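Chemist: Here it is: the structure, laid out below.
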Amino acid sequence: MAIDVRHPSAAEAAAGHRGRTRRTISAIGPVTALAGVTWAFVQPYRVTLLDPRGEGFWWLVAQPPLLVIAVGAIFHLLVARSLLADIEDDG
């Protein structure tokens with residue numbers, strides 16, 4: 001009795017690689033934003049919006065955890081979508 005061991009063809013392997021690439025690119029933005037939110041919970045004293053005490057606008061907005069959240073959102077909304085469209089065009 002012979003066992004049929006099937007190896008994926010080059011097209012199937014490339015499709016699997018593109019799938020993993022798409023999932024990775026799609027996850028970068030949300031994971032980065034989640035890291036910013038986690039950072040804000042772990043070190044709440046870094047987010048001066050919680051206790052402004054007369055600070056100016058830029059001092060309140062330009063806090064590292066908030067910037068990390070913004071970068072994750074911008075990557076997800078602007079960069080990842082165009083990268084995923086390029087991957088679809090190549091496929």
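Lettering and numbering for the structure tokens are positional, with chains as A, B, ... in the shown order, residues counted from 1 in each chain, and ligands counted from 1 in the shown order.
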For Ala73 (chain A), please output as an NGL selection string all residues within 8 Å (counting only C-alpha atoms; exclusion window: fewer than 6 positions along the same chain).

Modeler: :A and (29-30 or 33)

Chemist: Which residues are near Phe57 (chain A)? Cut-off 12 Å, only C-alpha atoms, ignore same chain within fewer than 6 positions. Put them as a PyMOL selection string.

Modeler: chain A and resi 48-49+63

Chemist: Could you save those same residues with N, CA and C atoms as an mmCIF file, in the first residue's frame?

Modeler:
data_model
loop_
_atom_site.group_PDB
_atom_site.id
_atom_site.type_symbol
_atom_site.label_atom_id
_atom_site.label_comp_id
_atom_site.auth_asym_id
_atom_site.auth_seq_id
_atom_site.Cartn_x
_atom_site.Cartn_y
_atom_site.Cartn_z
ATOM 1 N N THR A 48 -0.548 62.977 30.632
ATOM 2 C CA THR A 48 -0.887 64.140 31.451
ATOM 3 C C THR A 48 -2.300 64.639 31.189
ATOM 4 N N LEU A 49 -2.991 64.058 30.217
ATOM 5 C CA LEU A 49 -4.396 64.415 30.012
ATOM 6 C C LEU A 49 -5.225 64.045 31.240
ATOM 7 N N GLN A 63 2.278 63.037 24.206
ATOM 8 C CA GLN A 63 2.713 62.079 25.217
ATOM 9 C C GLN A 63 3.048 60.760 24.517
#

Chemist: Can you pull out the residues contacting Leu83 (chain A)? Cut-off 10 Å, using only C-alpha atoms, and skip same-chain residues under 6 positions away; I want them as a PDB file with C-alpha atoms, in the first residue's frame.

Modeler:
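This went into around_25.pdb:
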ATOM      1  CA  ARG A  22      -1.432  39.899   4.599  1.00  0.00           C
ATOM      2  CA  ILE A  25       0.644  43.544   7.730  1.00  0.00           C
ATOM      3  CA  SER A  26      -2.977  43.771   8.893  1.00  0.00           C
ATOM      4  CA  ASP A  89      -2.274  43.268  -7.475  1.00  0.00           C
TER       5      ASP A  89
END

Chemist: Please identify all polymer residues within 8 Å of Pro65 (chain A), counting only C-alpha atoms, omitting same-chain residues fewer than 4 positions from it, and present them as a ChimeraX atom specification.

Modeler: /A:36-37,39-40,46-47,69

Chemist: Pick out each residue of region 20-87 of chain A that DSSP on the backbone tags as alpha helix (DSSP H); I need them as number ranges by chain.

Modeler: A: 20-42, 57-61, 64-74, 80-87

Chemist: Could you work out how far CA of Ser82 (chain A) lies from CA of Ala62 (chain A), giving the answer in Å with one decimal?

Modeler: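 If I compute the distance from CA of Ala62 (chain A) to CA of Ser82 (chain A), I get 27.1 Å.
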